[in-house]
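Source file: work.cif; contents: mmCIF, C-alpha atoms.
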```
data_final
#
loop_
_atom_site.label_atom_id
_atom_site.label_comp_id
_atom_site.auth_asym_id
_atom_site.auth_seq_id
_atom_site.Cartn_x
_atom_site.Cartn_y
_atom_site.Cartn_z
CA MET A 147 -3.11 -13.52 -32.21
CA SER A 148 0.40 -14.86 -32.58
CA VAL A 149 3.10 -14.82 -29.98
CA THR A 150 6.81 -15.49 -30.10
CA ILE A 151 8.43 -17.26 -27.21
CA ASN A 152 12.14 -16.72 -26.92
CA GLY A 153 14.50 -17.81 -24.18
CA THR A 154 16.06 -14.36 -23.94
CA ALA A 155 13.38 -11.90 -24.99
CA GLY A 156 10.54 -13.70 -23.29
CA VAL A 157 7.10 -13.53 -24.86
CA THR A 158 6.53 -11.06 -27.71
CA PHE A 159 2.97 -10.39 -28.81
CA ASN A 160 1.87 -9.39 -32.30
CA ASP A 161 1.46 -5.74 -31.27
CA ALA A 162 5.24 -5.77 -30.50
CA SER A 163 4.70 -5.59 -26.75
CA SER A 164 6.62 -8.10 -24.73
CA GLN A 165 6.93 -9.67 -21.34
CA ASN A 166 10.27 -11.05 -20.34
CA THR A 167 9.59 -12.02 -16.74
CA ALA A 168 6.82 -13.78 -14.98
CA ALA A 169 3.99 -11.52 -13.92
CA THR A 170 4.47 -10.15 -10.43
CA GLY A 171 0.84 -10.05 -9.53
CA PHE A 172 -1.97 -7.93 -10.89
CA GLY A 173 -3.36 -6.49 -7.66
CA PHE A 174 -1.88 -3.11 -6.86
CA LYS A 175 1.19 -3.75 -9.00
CA ASN A 176 2.19 -0.09 -8.78
CA ARG A 177 2.83 0.75 -5.13
CA LEU A 178 2.76 4.45 -5.92
CA ILE A 179 -0.59 6.21 -5.99
CA ASN A 180 -1.45 8.76 -8.67
CA GLY A 181 1.63 7.85 -10.70
CA ALA A 182 -0.13 9.05 -13.86
CA MET A 183 -0.83 12.44 -12.21
CA VAL A 184 -4.57 12.25 -12.86
CA ILE A 185 -5.83 13.28 -9.40
CA ASP A 186 -5.45 16.82 -8.04
CA GLN A 187 -8.06 17.21 -5.31
CA ARG A 188 -6.38 20.17 -3.62
CA ASN A 189 -5.72 22.37 -6.58
CA ALA A 190 -7.95 21.13 -9.41
CA GLY A 191 -5.15 21.84 -11.86
CA ALA A 192 -4.21 25.27 -10.50
CA SER A 193 -0.55 26.15 -10.15
CA VAL A 194 0.89 25.63 -6.67
CA ALA A 195 3.26 28.20 -5.23
CA THR A 196 6.04 26.74 -3.12
CA SER A 197 6.21 29.53 -0.57
CA THR A 198 6.88 27.40 2.49
CA ILE A 199 10.39 26.66 3.69
CA ASN A 200 11.43 23.38 5.28
CA SER A 201 7.92 22.00 5.36
CA THR A 202 5.90 19.91 2.98
CA VAL A 203 3.92 21.55 0.19
CA TYR A 204 1.28 19.17 -1.09
CA THR A 205 0.81 19.39 -4.84
CA LEU A 206 -1.06 16.78 -6.86
CA ASP A 207 -2.50 14.05 -4.69
CA ARG A 208 0.21 12.03 -2.96
CA TRP A 209 3.00 14.14 -4.49
CA ALA A 210 4.75 16.59 -2.17
CA TYR A 211 7.43 19.20 -2.67
CA VAL A 212 9.98 19.97 0.03
CA ALA A 213 12.63 22.70 -0.19
CA SER A 214 15.10 24.64 1.88
CA GLN A 215 14.30 27.92 0.10
CA ALA A 216 10.89 29.42 -0.57
CA SER A 217 9.20 30.41 -3.82
CA LYS A 218 11.59 28.81 -6.28
CA PHE A 219 9.33 26.43 -8.18
CA THR A 220 5.72 26.37 -9.26
CA ILE A 221 4.15 22.97 -9.57
CA GLN A 222 1.07 22.11 -11.58
CA GLN A 223 -0.95 19.24 -12.90
CA THR A 224 -0.81 19.67 -16.66
CA PRO A 225 -3.32 17.96 -18.93
CA SER A 226 -2.54 20.06 -21.98
CA ALA A 227 -0.70 18.62 -24.96
CA THR A 228 1.39 21.61 -25.94
CA GLU A 229 4.94 20.77 -24.89
CA THR A 230 7.46 19.84 -27.56
CA GLY A 231 7.19 16.14 -28.26
CA TYR A 232 3.91 15.68 -26.40
CA ALA A 233 2.87 12.94 -28.83
CA THR A 234 5.37 10.60 -27.19
CA ARG A 235 3.68 11.08 -23.81
CA ILE A 236 0.18 10.78 -25.22
CA GLY A 237 1.23 7.71 -27.15
CA ALA A 238 2.54 6.14 -23.96
CA GLY A 239 -0.90 6.61 -22.44
CA PHE A 240 -0.42 9.60 -20.16
CA THR A 241 -2.82 12.51 -20.54
CA ASN A 242 -1.45 14.33 -17.50
CA TYR A 243 1.94 15.12 -16.08
CA LEU A 244 3.34 16.96 -13.10
CA ALA A 245 5.22 20.09 -14.14
CA CYS A 246 7.88 21.73 -11.98
CA THR A 247 9.05 25.10 -13.27
CA VAL A 248 11.73 27.36 -11.82
CA GLY A 249 10.61 30.99 -11.55
CA ALA A 250 11.82 33.41 -14.22
CA SER A 251 14.36 34.92 -11.82
CA ALA A 252 14.29 32.34 -9.03
CA ASN A 253 17.44 30.40 -9.76
CA VAL A 254 19.92 29.83 -6.95
CA THR A 255 23.30 28.28 -6.49
CA VAL A 256 22.70 25.15 -4.45
CA GLY A 257 24.44 25.36 -1.08
CA SER A 258 25.70 22.32 0.76
CA ALA A 259 22.60 22.14 3.01
CA ASP A 260 20.05 23.03 0.33
CA PHE A 261 17.41 20.63 -0.88
CA PHE A 262 14.69 20.88 -3.51
CA LEU A 263 12.81 17.68 -4.11
CA LEU A 264 9.61 16.08 -5.28
CA ARG A 265 8.50 13.18 -3.13
CA GLN A 266 5.93 10.46 -2.61
CA ASN A 267 5.91 8.55 0.68
CA ILE A 268 4.47 5.07 0.38
CA GLU A 269 2.48 3.68 3.29
CA GLY A 270 4.20 0.78 5.05
CA LEU A 271 1.14 -1.44 4.71
CA ASN A 272 1.53 -1.22 0.93
CA VAL A 273 5.16 -2.37 0.81
CA SER A 274 5.21 -4.83 3.68
CA ASP A 275 5.67 -7.78 1.29
CA LEU A 276 9.05 -6.39 0.16
CA ALA A 277 10.50 -7.62 3.47
CA TRP A 278 13.03 -4.82 3.56
CA GLY A 279 15.25 -4.80 6.60
CA THR A 280 15.44 -8.60 6.47
CA SER A 281 17.57 -11.14 4.63
CA SER A 282 14.55 -11.83 2.41
CA ALA A 283 14.39 -8.29 1.03
CA LYS A 284 12.93 -8.15 -2.49
CA ALA A 285 14.17 -6.00 -5.35
CA ILE A 286 11.99 -3.20 -6.70
CA THR A 287 11.92 -1.47 -10.05
CA LEU A 288 11.09 2.19 -10.49
CA SER A 289 9.98 3.35 -13.91
CA PHE A 290 8.74 6.70 -15.19
CA TRP A 291 8.70 9.19 -18.03
CA ALA A 292 10.75 12.37 -17.51
CA TYR A 293 11.24 15.56 -19.50
CA SER A 294 13.37 18.59 -18.81
CA SER A 295 14.77 21.70 -20.40
CA VAL A 296 18.01 20.73 -18.68
CA THR A 297 19.99 17.71 -19.82
CA GLY A 298 22.36 15.40 -18.03
CA THR A 299 22.37 12.93 -15.20
CA PHE A 300 19.55 13.52 -12.75
CA GLY A 301 19.26 12.09 -9.24
CA GLY A 302 16.81 10.82 -6.70
CA ALA A 303 16.66 8.34 -3.87
CA ILE A 304 14.70 5.70 -2.03
CA GLY A 305 14.79 6.08 1.75
CA ASN A 306 13.20 4.88 4.95
CA SER A 307 10.99 6.75 7.40
CA ALA A 308 13.78 7.46 9.84
CA ASN A 309 16.03 8.94 7.12
CA ALA A 310 18.64 6.44 8.23
CA ARG A 311 18.82 4.35 5.05
CA ALA A 312 18.98 5.60 1.47
CA TYR A 313 19.64 4.36 -2.04
CA PRO A 314 20.52 7.30 -4.29
CA PHE A 315 19.92 6.60 -7.98
CA THR A 316 20.68 8.38 -11.22
CA TYR A 317 19.02 8.55 -14.61
CA SER A 318 19.79 10.36 -17.80
CA ILE A 319 17.81 12.85 -19.83
CA PRO A 320 20.17 13.20 -22.80
CA THR A 321 18.02 15.46 -24.96
CA ALA A 322 16.29 18.62 -23.82
CA ASN A 323 12.52 18.82 -24.01
CA THR A 324 12.14 15.18 -24.95
CA TRP A 325 10.08 12.65 -23.03
CA THR A 326 12.45 9.91 -21.91
CA GLN A 327 11.45 6.59 -20.39
CA ILE A 328 13.48 5.61 -17.37
CA SER A 329 13.81 2.30 -15.51
CA ILE A 330 15.82 1.76 -12.33
CA THR A 331 16.11 -1.47 -10.38
CA VAL A 332 17.02 -1.34 -6.70
CA ALA A 333 18.14 -4.37 -4.71
CA GLY A 334 16.09 -4.77 -1.56
CA ASP A 335 17.67 -3.37 1.58
CA THR A 336 18.55 -6.10 4.04
CA SER A 337 19.44 -3.55 6.73
CA GLY A 338 17.70 -0.74 8.54
CA THR A 339 14.18 -0.38 9.85
CA TRP A 340 11.43 -0.26 7.24
CA LEU A 341 7.94 0.31 8.63
CA THR A 342 5.15 -2.04 7.60
CA THR A 343 2.48 -0.05 9.42
CA ASN A 344 0.29 2.85 8.30
CA GLY A 345 3.35 5.08 8.73
CA ILE A 346 5.91 5.82 6.04
CA GLY A 347 7.15 2.55 4.59
CA LEU A 348 9.30 3.95 1.84
CA LYS A 349 10.19 7.45 0.60
CA LEU A 350 10.71 8.09 -3.10
CA SER A 351 12.42 11.39 -3.90
CA PHE A 352 13.28 13.08 -7.19
CA SER A 353 15.90 15.77 -6.81
CA LEU A 354 15.40 19.20 -8.36
CA GLY A 355 18.58 20.44 -6.70
CA MET A 356 20.46 18.88 -3.82
CA GLY A 357 23.34 20.05 -1.65
CA SER A 358 26.31 17.86 -0.80
CA THR A 359 24.95 17.20 2.71
CA TYR A 360 22.11 15.18 1.21
CA SER A 361 23.97 13.61 -1.74
CA THR A 362 26.15 10.54 -1.85
CA THR A 363 27.35 7.74 -4.09
CA ALA A 364 24.77 6.46 -6.56
CA ASN A 365 23.48 2.92 -6.88
CA ALA A 366 24.43 1.65 -3.43
CA TRP A 367 22.70 1.50 -0.10
CA ALA A 368 23.98 4.03 2.43
CA SER A 369 23.29 4.80 6.06
CA GLY A 370 22.08 8.37 6.47
CA GLU A 371 19.76 11.01 5.07
CA TYR A 372 20.30 11.27 1.31
CA TYR A 373 17.93 12.36 -1.41
CA SER A 374 20.14 12.32 -4.48
CA ALA A 375 23.40 11.17 -6.01
CA THR A 376 26.56 13.23 -5.92
CA GLY A 377 27.00 15.33 -9.03
CA ALA A 378 23.43 15.09 -10.27
CA VAL A 379 21.87 17.84 -12.40
CA THR A 380 20.23 20.71 -10.49
CA PRO A 381 17.36 22.32 -12.44
CA ILE A 382 17.03 24.98 -9.70
CA THR A 383 20.22 26.65 -10.90
CA THR A 384 18.59 27.67 -14.19
CA ASN A 385 15.91 30.34 -14.46
CA SER A 386 12.67 29.03 -16.01
CA ALA A 387 14.04 25.48 -16.13
CA THR A 388 11.41 22.78 -16.38
CA PHE A 389 11.15 19.25 -15.06
CA TYR A 390 8.11 17.18 -15.99
CA ILE A 391 7.29 13.66 -14.86
CA THR A 392 4.51 11.12 -15.30
CA GLY A 393 3.86 7.40 -15.50
CA VAL A 394 5.72 6.78 -12.26
CA GLN A 395 5.58 3.18 -11.14
CA LEU A 396 7.32 1.34 -8.31
CA GLU A 397 6.83 -2.40 -8.43
CA LYS A 398 8.24 -5.53 -6.89
CA GLY A 399 10.76 -7.36 -9.06
CA SER A 400 13.76 -6.63 -11.23
CA THR A 401 11.98 -5.68 -14.44
CA ALA A 402 9.84 -2.70 -15.36
CA THR A 403 6.51 -3.90 -16.66
CA SER A 404 3.74 -1.95 -18.35
CA PHE A 405 2.17 0.87 -16.38
CA ASP A 406 -0.65 -0.14 -14.05
CA TYR A 407 -3.50 1.99 -15.43
CA ARG A 408 -6.12 1.86 -12.70
CA PRO A 409 -9.73 3.03 -13.11
CA TYR A 410 -10.08 6.73 -12.27
CA GLY A 411 -12.53 5.98 -9.47
CA THR A 412 -10.11 3.50 -7.94
CA GLU A 413 -7.22 5.97 -8.11
CA LEU A 414 -9.39 8.70 -6.57
CA ALA A 415 -10.43 6.40 -3.73
CA LEU A 416 -6.79 5.48 -3.11
CA CYS A 417 -5.96 9.18 -2.89
CA GLN A 418 -8.83 9.91 -0.51
CA ARG A 419 -7.30 7.62 2.08
CA TYR A 420 -4.72 10.39 2.46
CA LEU A 421 -6.94 13.38 1.69
CA PRO A 422 -10.69 13.20 2.30
CA ALA A 423 -11.96 16.01 0.11
CA ILE A 424 -15.20 17.47 -1.22
CA ARG A 425 -15.53 19.95 -4.09
CA TYR A 426 -18.45 21.98 -5.37
CA SER A 427 -19.41 20.56 -8.74
CA GLY A 428 -20.64 23.82 -10.25
CA SER A 429 -24.16 22.55 -10.82
CA GLY A 430 -25.70 25.88 -9.87
CA GLN A 431 -27.64 24.24 -7.06
CA ASN A 432 -27.20 24.43 -3.30
CA GLU A 433 -25.58 21.02 -3.35
CA PRO A 434 -26.20 19.02 -0.15
CA LEU A 435 -23.38 18.11 2.22
CA SER A 436 -24.97 16.89 5.45
CA VAL A 437 -27.70 17.46 8.01
CA GLY A 438 -26.70 18.65 11.47
CA VAL A 439 -28.16 20.47 14.41
CA ALA A 440 -28.13 24.01 15.78
CA TYR A 441 -26.98 24.35 19.37
CA SER A 442 -27.72 28.08 19.71
CA THR A 443 -29.25 30.81 17.56
CA THR A 444 -25.90 31.35 15.87
CA ALA A 445 -23.99 28.05 16.16
CA PHE A 446 -24.36 24.63 14.56
CA TRP A 447 -22.53 21.38 14.05
CA GLN A 448 -22.50 19.07 11.06
CA ASN A 449 -21.37 15.49 10.70
CA LEU A 450 -19.77 14.80 7.30
CA ALA A 451 -19.13 11.18 6.35
CA PHE A 452 -15.94 10.13 4.57
CA GLN A 453 -16.25 8.25 1.28
CA VAL A 454 -13.07 6.28 2.06
CA THR A 455 -11.65 5.24 5.40
CA PRO A 456 -8.73 7.61 6.00
CA ARG A 457 -5.23 6.39 6.82
CA VAL A 458 -5.50 7.99 10.25
CA VAL A 459 -8.24 10.01 11.91
CA PRO A 460 -8.10 13.54 10.45
CA THR A 461 -7.02 16.35 12.77
CA GLY A 462 -7.99 19.41 10.79
CA LEU A 463 -10.05 21.10 8.13
CA THR A 464 -9.21 23.47 5.31
CA VAL A 465 -11.96 25.26 3.38
CA SER A 466 -11.44 27.54 0.41
CA SER A 467 -13.81 30.08 1.98
CA GLN A 468 -15.95 30.07 5.10
CA THR A 469 -18.86 31.87 3.42
CA VAL A 470 -19.67 29.65 0.44
CA PHE A 471 -22.02 27.47 2.49
CA LEU A 472 -25.59 27.63 3.78
CA VAL A 473 -27.46 26.15 6.68
CA LEU A 474 -31.20 25.79 6.16
CA ALA A 475 -33.29 26.73 9.15
CA GLY A 476 -36.82 26.38 10.39
CA SER A 477 -39.95 25.05 8.75
CA GLY A 478 -39.33 27.27 5.74
CA LEU A 479 -35.76 26.08 5.34
CA ALA A 480 -34.52 29.67 5.26
CA ASN A 481 -31.15 29.98 3.59
CA ILE A 482 -28.62 31.32 6.09
CA GLN A 483 -25.08 31.99 4.90
CA THR A 484 -22.31 30.68 7.11
CA SER A 485 -19.93 33.12 8.81
CA THR A 486 -17.30 30.76 10.17
CA LEU A 487 -16.46 27.07 9.93
CA ALA A 488 -14.01 25.05 11.98
CA PHE A 489 -12.91 21.51 12.61
CA GLY A 490 -14.67 19.88 15.55
CA ASN A 491 -13.46 16.32 15.88
CA ALA A 492 -13.37 13.18 13.75
CA SER A 493 -13.31 9.41 13.58
CA TYR A 494 -12.41 6.92 10.84
CA THR A 495 -15.89 7.38 9.38
CA ALA A 496 -16.85 11.03 9.77
CA ALA A 497 -15.81 14.49 10.87
CA VAL A 498 -17.66 17.17 12.75
CA ILE A 499 -17.62 20.69 11.36
CA THR A 500 -18.76 23.43 13.71
CA GLY A 501 -19.86 26.78 12.43
CA THR A 502 -21.58 30.07 13.09
CA VAL A 503 -24.10 32.29 11.34
CA ALA A 504 -25.17 35.85 12.11
CA SER A 505 -28.58 34.79 13.45
CA GLY A 506 -31.68 32.78 12.66
CA LEU A 507 -31.06 29.30 14.08
CA THR A 508 -33.06 27.60 16.82
CA ALA A 509 -31.16 25.46 19.31
CA GLY A 510 -32.08 21.82 19.01
CA GLN A 511 -33.46 22.05 15.49
CA ALA A 512 -32.01 20.13 12.60
CA CYS A 513 -30.27 22.23 9.97
CA PRO A 514 -29.21 20.95 6.54
CA PHE A 515 -25.78 22.13 5.38
CA THR A 516 -25.18 22.85 1.69
CA TRP A 517 -22.93 24.67 -0.73
CA ARG A 518 -24.21 28.20 -1.45
CA SER A 519 -24.63 28.23 -5.21
CA ALA A 520 -24.72 32.04 -5.30
CA SER A 521 -21.08 32.20 -4.29
CA ALA A 522 -19.54 28.73 -4.58
CA THR A 523 -17.50 27.86 -7.66
CA THR A 524 -15.70 24.75 -8.83
CA ALA A 525 -12.60 26.18 -7.15
CA ASP A 526 -14.22 25.73 -3.73
CA TYR A 527 -13.36 22.79 -1.54
CA ILE A 528 -13.47 21.15 1.87
CA LEU A 529 -10.33 19.21 2.78
CA PHE A 530 -9.83 17.14 5.90
CA THR A 531 -6.18 17.26 6.86
CA GLY A 532 -3.69 15.27 8.87
CA CYS A 533 -3.91 12.02 6.88
CA GLU A 534 -1.08 12.55 4.39
CA LEU A 535 2.26 10.88 4.87
CA MET B 632 1.87 35.35 1.06
CA THR B 633 2.57 35.90 4.77
CA GLU B 634 1.70 32.94 6.95
CA PRO B 635 -1.11 33.99 9.32
CA ILE B 636 -0.97 33.39 13.07
CA TRP B 637 -3.04 30.57 14.56
CA LYS B 638 -5.76 31.63 17.01
CA LEU B 639 -7.44 29.53 19.66
CA LEU B 640 -11.18 28.99 19.24
CA PRO B 641 -13.63 28.94 22.14
CA GLN B 642 -14.33 25.34 23.11
CA ASN B 643 -17.73 24.13 21.90
CA PRO B 644 -19.89 21.28 23.22
CA VAL B 645 -18.54 18.61 20.87
CA GLN B 646 -14.87 19.21 21.52
CA THR B 647 -12.62 17.61 24.07
CA ILE B 648 -9.43 18.93 22.47
CA GLN B 649 -8.89 22.63 21.81
CA VAL B 650 -9.07 23.83 18.20
CA VAL B 651 -7.09 26.61 16.53
CA HIS B 652 -7.80 28.36 13.27
CA ARG B 653 -6.30 30.85 10.87
CA THR B 654 -7.47 32.54 7.68
CA TRP B 655 -5.18 33.31 4.75
CA PRO B 656 -5.38 36.54 2.73
CA ASP B 657 -6.94 34.62 -0.18
CA GLY B 658 -9.87 33.58 2.06
CA ARG B 659 -8.69 30.03 2.71
CA SER B 660 -9.44 28.97 6.27
CA GLU B 661 -7.60 26.30 8.22
CA SER B 662 -8.58 24.84 11.56
CA CYS B 663 -7.15 21.92 13.47
CA LEU B 664 -6.72 20.30 16.83
CA VAL B 665 -3.88 21.65 18.95
CA THR B 666 -2.47 18.12 18.70
CA ALA B 667 -2.22 18.27 14.88
CA GLU B 668 1.26 17.78 13.45
CA ALA B 669 1.24 20.98 11.37
CA TYR B 670 0.24 23.11 14.35
CA LEU B 671 2.77 21.47 16.66
CA ALA B 672 5.49 22.17 14.09
CA TRP B 673 4.46 25.84 14.06
CA VAL B 674 4.62 26.00 17.86
CA ALA B 675 7.96 24.23 17.86
CA GLU B 676 9.33 27.13 15.80
CA GLY B 677 8.70 29.35 18.81
CA ASN B 678 5.31 30.73 17.75
CA THR B 679 2.42 31.36 20.15
CA PRO B 680 -1.27 31.36 19.17
CA GLU B 681 -3.54 34.32 19.77
CA PRO B 682 -5.99 33.80 22.64
CA ALA B 683 -9.59 32.86 22.00
CA ASP B 684 -12.25 35.57 21.89
CA ASP B 685 -14.41 35.73 25.00
#
```

Will you turn the file into structure tokens for me?
Amino acid sequence: MSVTINGTAGVTFNDASSQNTAATGFGFKNRLINGAMVIDQRNAGASVATSTINSTVYTLDRWAYVASQASKFTIQQTPSATETGYATRIGAGFTNYLACTVGASANVTVGSADFFLLRQNIEGLNVSDLAWGTSSAKAITLSFWAYSSVTGTFGGAIGNSANARAYPFTYSIPTANTWTQISITVAGDTSGTWLTTNGIGLKLSFSLGMGSTYSTTANAWASGEYYSATGAVTPITTNSATFYITGVQLEKGSTATSFDYRPYGTELALCQRYLPAIRYSGSGQNEPLSVGVAYSTTAFWQNLAFQVTPRVVPTGLTVSSQTVFLVLAGSGLANIQTSTLAFGNASYTAAVITGTVASGLTAGQACPFTWRSASATTADYILFTGCEL
Amino acid sequence: MTEPIWKLLPQNPVQTIQVVHRTWPDGRSESCLVTAEAYLAWVAEGNTPEPADD
């Protein structure tokens, strides 16, 4: 293998790749999680409706959508290679992307207080070395691949947890339906309060349409709540407009380096810190979940262990259906279908699910808890909530 | 899809904090502590949960 060392271009390898700055560390180089859009525990690739106003809609793992008007976009993990120019994306190493699509007749004129944005909040513990809010603040570089049916100058922003500091940025997609690689360097913020705890350390937002209230001058730090740059393109104003994104990386330093492809299992574990989740695999068996105890003839509790320590102790439970589970009772392990399930309580290591059945339990007896293969499908899930940022 | 109303659940032996639940038309069921952020946001909008069944 031959390399060329040049004072300006840095080191160029014989496969034409290059490195023009010193490596910034190889552990957790990309501070974003699921930047390649490979994990979708909630939806398993299904399209997400954005029917909630002014609250967070969780899409692919770690990626949230927030809007001031309901039901304007659908958002979906997309592994297919059918979009125009997909070979560029595949060639760059990204099998998945996050697709935002405006409804066929959902377009709106963006009012001054409107906001439509895609966001990932980074945990403070994972950006504490940036020293933001101090005179030692380090620069960061954001890089990603973007694609849209709309062309022009798009916007986004970096902000703090209190929405008191923001750095609006712009980037250009000059050609419609063409994957475009973007790189943006942001000087570290020497002002403001930037959490270094398990709270929100840094907010990254991509605007899909932003009113003037939340837009300001690009490429400069500002005090206030801003999610985009003044004058940026607003895909929401065009029916059926698309905005796709993948390969999103936020790293320390002033140069975009190659994407930090992490092992799938590592990326999944990183996601589960924010969303402990279990899915039925579709094996056709009554797949085991836990073993608990009945405390009446119709009520039981189960203790489900987390695979990854969550960011905070979960406070809730969402199940796709309450009746796709069994408890097994008595010496014959009779299969009893569940009627209801509810969150009980939790710790950093496990959560209690309480539930009821029509009849057939004996108080004080152990009762295994399983998926019910006769009704469970791969669309069924158990999610423990309250851990996302 | 209309957002369903949260309903208090009877307290069971393992709970020290009250739990609420709601079921969506598509069968999805949510439950959480009354201290959960999502539930508190719903209450802050002026909503009131249904009482628990006896």

Exercise for the section: Report the residues retrieved by the PyMOL selection byres ((chain B) within 8 of (chain A)) from the displayed file, expressed as a PyMOL selection string. Expected result: chain B and resi 632+645-646+650+652+658-664+666-669

Practice task
Could you expand the PyMOL selection byres ((chain A and resi 424-426) around 8) into the explicit residues it covers here, written as number ranges by chain?
Solution key: A: 422-423, 427-429, 433, 517, 522-529

Handout entry: Answer key for the PyMOL selection byres ((chain A and resi 206-217) around 7), residues as a list of chain:residue names
Key =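 What the PyMOL selection byres ((chain A and resi 206-217) around 7) grabs from the file is A:Ile179, A:Asn180, A:Met183, A:Ile185, A:Asp186, A:Gln187, A:Ala195, A:Thr196, A:Ser197, A:Thr198, A:Ile199, A:Asn200, A:Ser201, A:Thr202, A:Val203, A:Tyr204, A:Thr205, A:Lys218, A:Phe219, A:Gln223, A:Asp260, A:Phe261, A:Phe262, A:Leu263, A:Leu264, A:Arg265, A:Gln266, A:Cys417.
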
Problem - Neighbour list for Thr255 (chain A) as a count of residues only, cut-off 9 Å, all atoms listed in the file, skip fewer than 2 positions in-chain - result: 4

Exercise for the section: Calculate how many Å separate CA of Gly355 (chain A) from CA of Ile330 (chain A), rounding to one decimal. Expected result: 19.7 Å

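All residues of protein, DNA or RNA that reach within 6 Å of Thr158 (chain A), judged by all atoms listed in the file and not counting those fewer than 6 positions away in the chain, are A:Val149, A:Thr150, A:Ser164.
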
Excluding same-chain residues fewer than 4 positions from Arg518 (chain A), what lies within 10 Å of it counting all atoms listed in the file, as a PDB file with C-alpha atoms, in the coordinates of the input?
```pdb
ATOM      1  CA  TYR A 426     -18.450  21.980  -5.370  1.00  0.00           C
ATOM      2  CA  GLY A 430     -25.700  25.880  -9.870  1.00  0.00           C
ATOM      3  CA  GLN A 431     -27.640  24.240  -7.060  1.00  0.00           C
ATOM      4  CA  ASN A 432     -27.200  24.430  -3.300  1.00  0.00           C
ATOM      5  CA  GLU A 433     -25.580  21.020  -3.350  1.00  0.00           C
ATOM      6  CA  PRO A 434     -26.200  19.020  -0.150  1.00  0.00           C
ATOM      7  CA  THR A 469     -18.860  31.870   3.420  1.00  0.00           C
ATOM      8  CA  VAL A 470     -19.670  29.650   0.440  1.00  0.00           C
ATOM      9  CA  PHE A 471     -22.020  27.470   2.490  1.00  0.00           C
ATOM     10  CA  LEU A 472     -25.590  27.630   3.780  1.00  0.00           C
ATOM     11  CA  VAL A 473     -27.460  26.150   6.680  1.00  0.00           C
ATOM     12  CA  ASN A 481     -31.150  29.980   3.590  1.00  0.00           C
ATOM     13  CA  ILE A 482     -28.620  31.320   6.090  1.00  0.00           C
ATOM     14  CA  GLN A 483     -25.080  31.990   4.900  1.00  0.00           C
ATOM     15  CA  THR A 484     -22.310  30.680   7.110  1.00  0.00           C
ATOM     16  CA  ALA A 522     -19.540  28.730  -4.580  1.00  0.00           C
ATOM     17  CA  THR A 523     -17.500  27.860  -7.660  1.00  0.00           C
TER      18      THR A 523
END
```

Practice task
Go ahead and compute the interatomic distance for CA of Ala675 (chain B) and CA of Val651 (chain B), in Å to one decimal.
Solution key: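 Distance reported for this atom pair: 15.3 Å.
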
Exercise for the section: Name the residues in contact with Val458 (chain A) at a cut-off of 10 Å, using all atoms listed in the file, excluding same-chain residues fewer than 4 positions from it; report them as a count of residues only. Expected result: 11

Exercise for the section: To one decimal in Å, tell me the separation between CA of Thr508 (chain A) and CA of Gln642 (chain B). Expected result: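 Those two atoms sit 19.9 Å apart.
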
Would you kindly return, as a PDB file with C-alpha atoms, keeping the file's coordinate frame, each protein, DNA or RNA residue with an atom no farther than 8 Å from any atom of Ala366 (chain A), considering all atoms listed in the file and excluding same-chain residues fewer than 2 positions away?
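around31.pdb, written as the output of this step:
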```pdb
ATOM      1  CA  TYR A 313      19.640   4.360  -2.040  1.00  0.00           C
ATOM      2  CA  PRO A 314      20.520   7.300  -4.290  1.00  0.00           C
ATOM      3  CA  THR A 363      27.350   7.740  -4.090  1.00  0.00           C
ATOM      4  CA  ALA A 364      24.770   6.460  -6.560  1.00  0.00           C
ATOM      5  CA  ALA A 368      23.980   4.030   2.430  1.00  0.00           C
TER       6      ALA A 368
END
```

List every residue of region 377-482 of chain A that has an atom at most 12 Å from any atom of region 276-300 of chain A, and for each one report the closest atom pair and its distance in Å to one decimal, counting only C-alpha atoms, with rows sorted by chain and then by increasing residue number, as CSV.
```
residue,atom,partner,partner_atom,distance
A:Gly377,CA,A:Thr299,CA,8.1
A:Ala378,CA,A:Phe300,CA,4.9
A:Val379,CA,A:Phe300,CA,4.9
A:Thr380,CA,A:Phe300,CA,7.6
A:Pro381,CA,A:Val296,CA,6.5
A:Ile382,CA,A:Val296,CA,10.0
A:Thr383,CA,A:Val296,CA,10.0
A:Thr384,CA,A:Val296,CA,8.3
A:Asn385,CA,A:Ser295,CA,10.5
A:Ser386,CA,A:Ser295,CA,8.8
A:Ala387,CA,A:Ser295,CA,5.7
A:Thr388,CA,A:Ser294,CA,5.2
A:Phe389,CA,A:Ser294,CA,4.4
A:Tyr390,CA,A:Tyr293,CA,5.0
A:Ile391,CA,A:Ala292,CA,4.5
A:Thr392,CA,A:Trp291,CA,5.4
A:Gly393,CA,A:Phe290,CA,4.9
A:Val394,CA,A:Phe290,CA,4.2
A:Gln395,CA,A:Ser289,CA,5.2
A:Leu396,CA,A:Leu288,CA,4.4
A:Glu397,CA,A:Thr287,CA,5.4
A:Lys398,CA,A:Ile286,CA,4.4
A:Gly399,CA,A:Ile286,CA,4.9
A:Ser400,CA,A:Thr287,CA,5.6
A:Thr401,CA,A:Thr287,CA,6.1
A:Ala402,CA,A:Thr287,CA,5.8
A:Thr403,CA,A:Ser289,CA,8.5
A:Ser404,CA,A:Ser289,CA,9.3
A:Phe405,CA,A:Ser289,CA,8.6
A:Asp406,CA,A:Ser289,CA,11.2
```

Exercise for the section: Would you mind telling me which residue in A:Asn323, A:Thr412, A:Thr502, A:Asn272 lies nearest to Val184 (chain A) when using all atoms listed in the file? Expected result: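 Of A:Asn323, A:Thr412, A:Thr502, A:Asn272, the one nearest Val184 (chain A) is A:Thr412, counting all atoms listed in the file.
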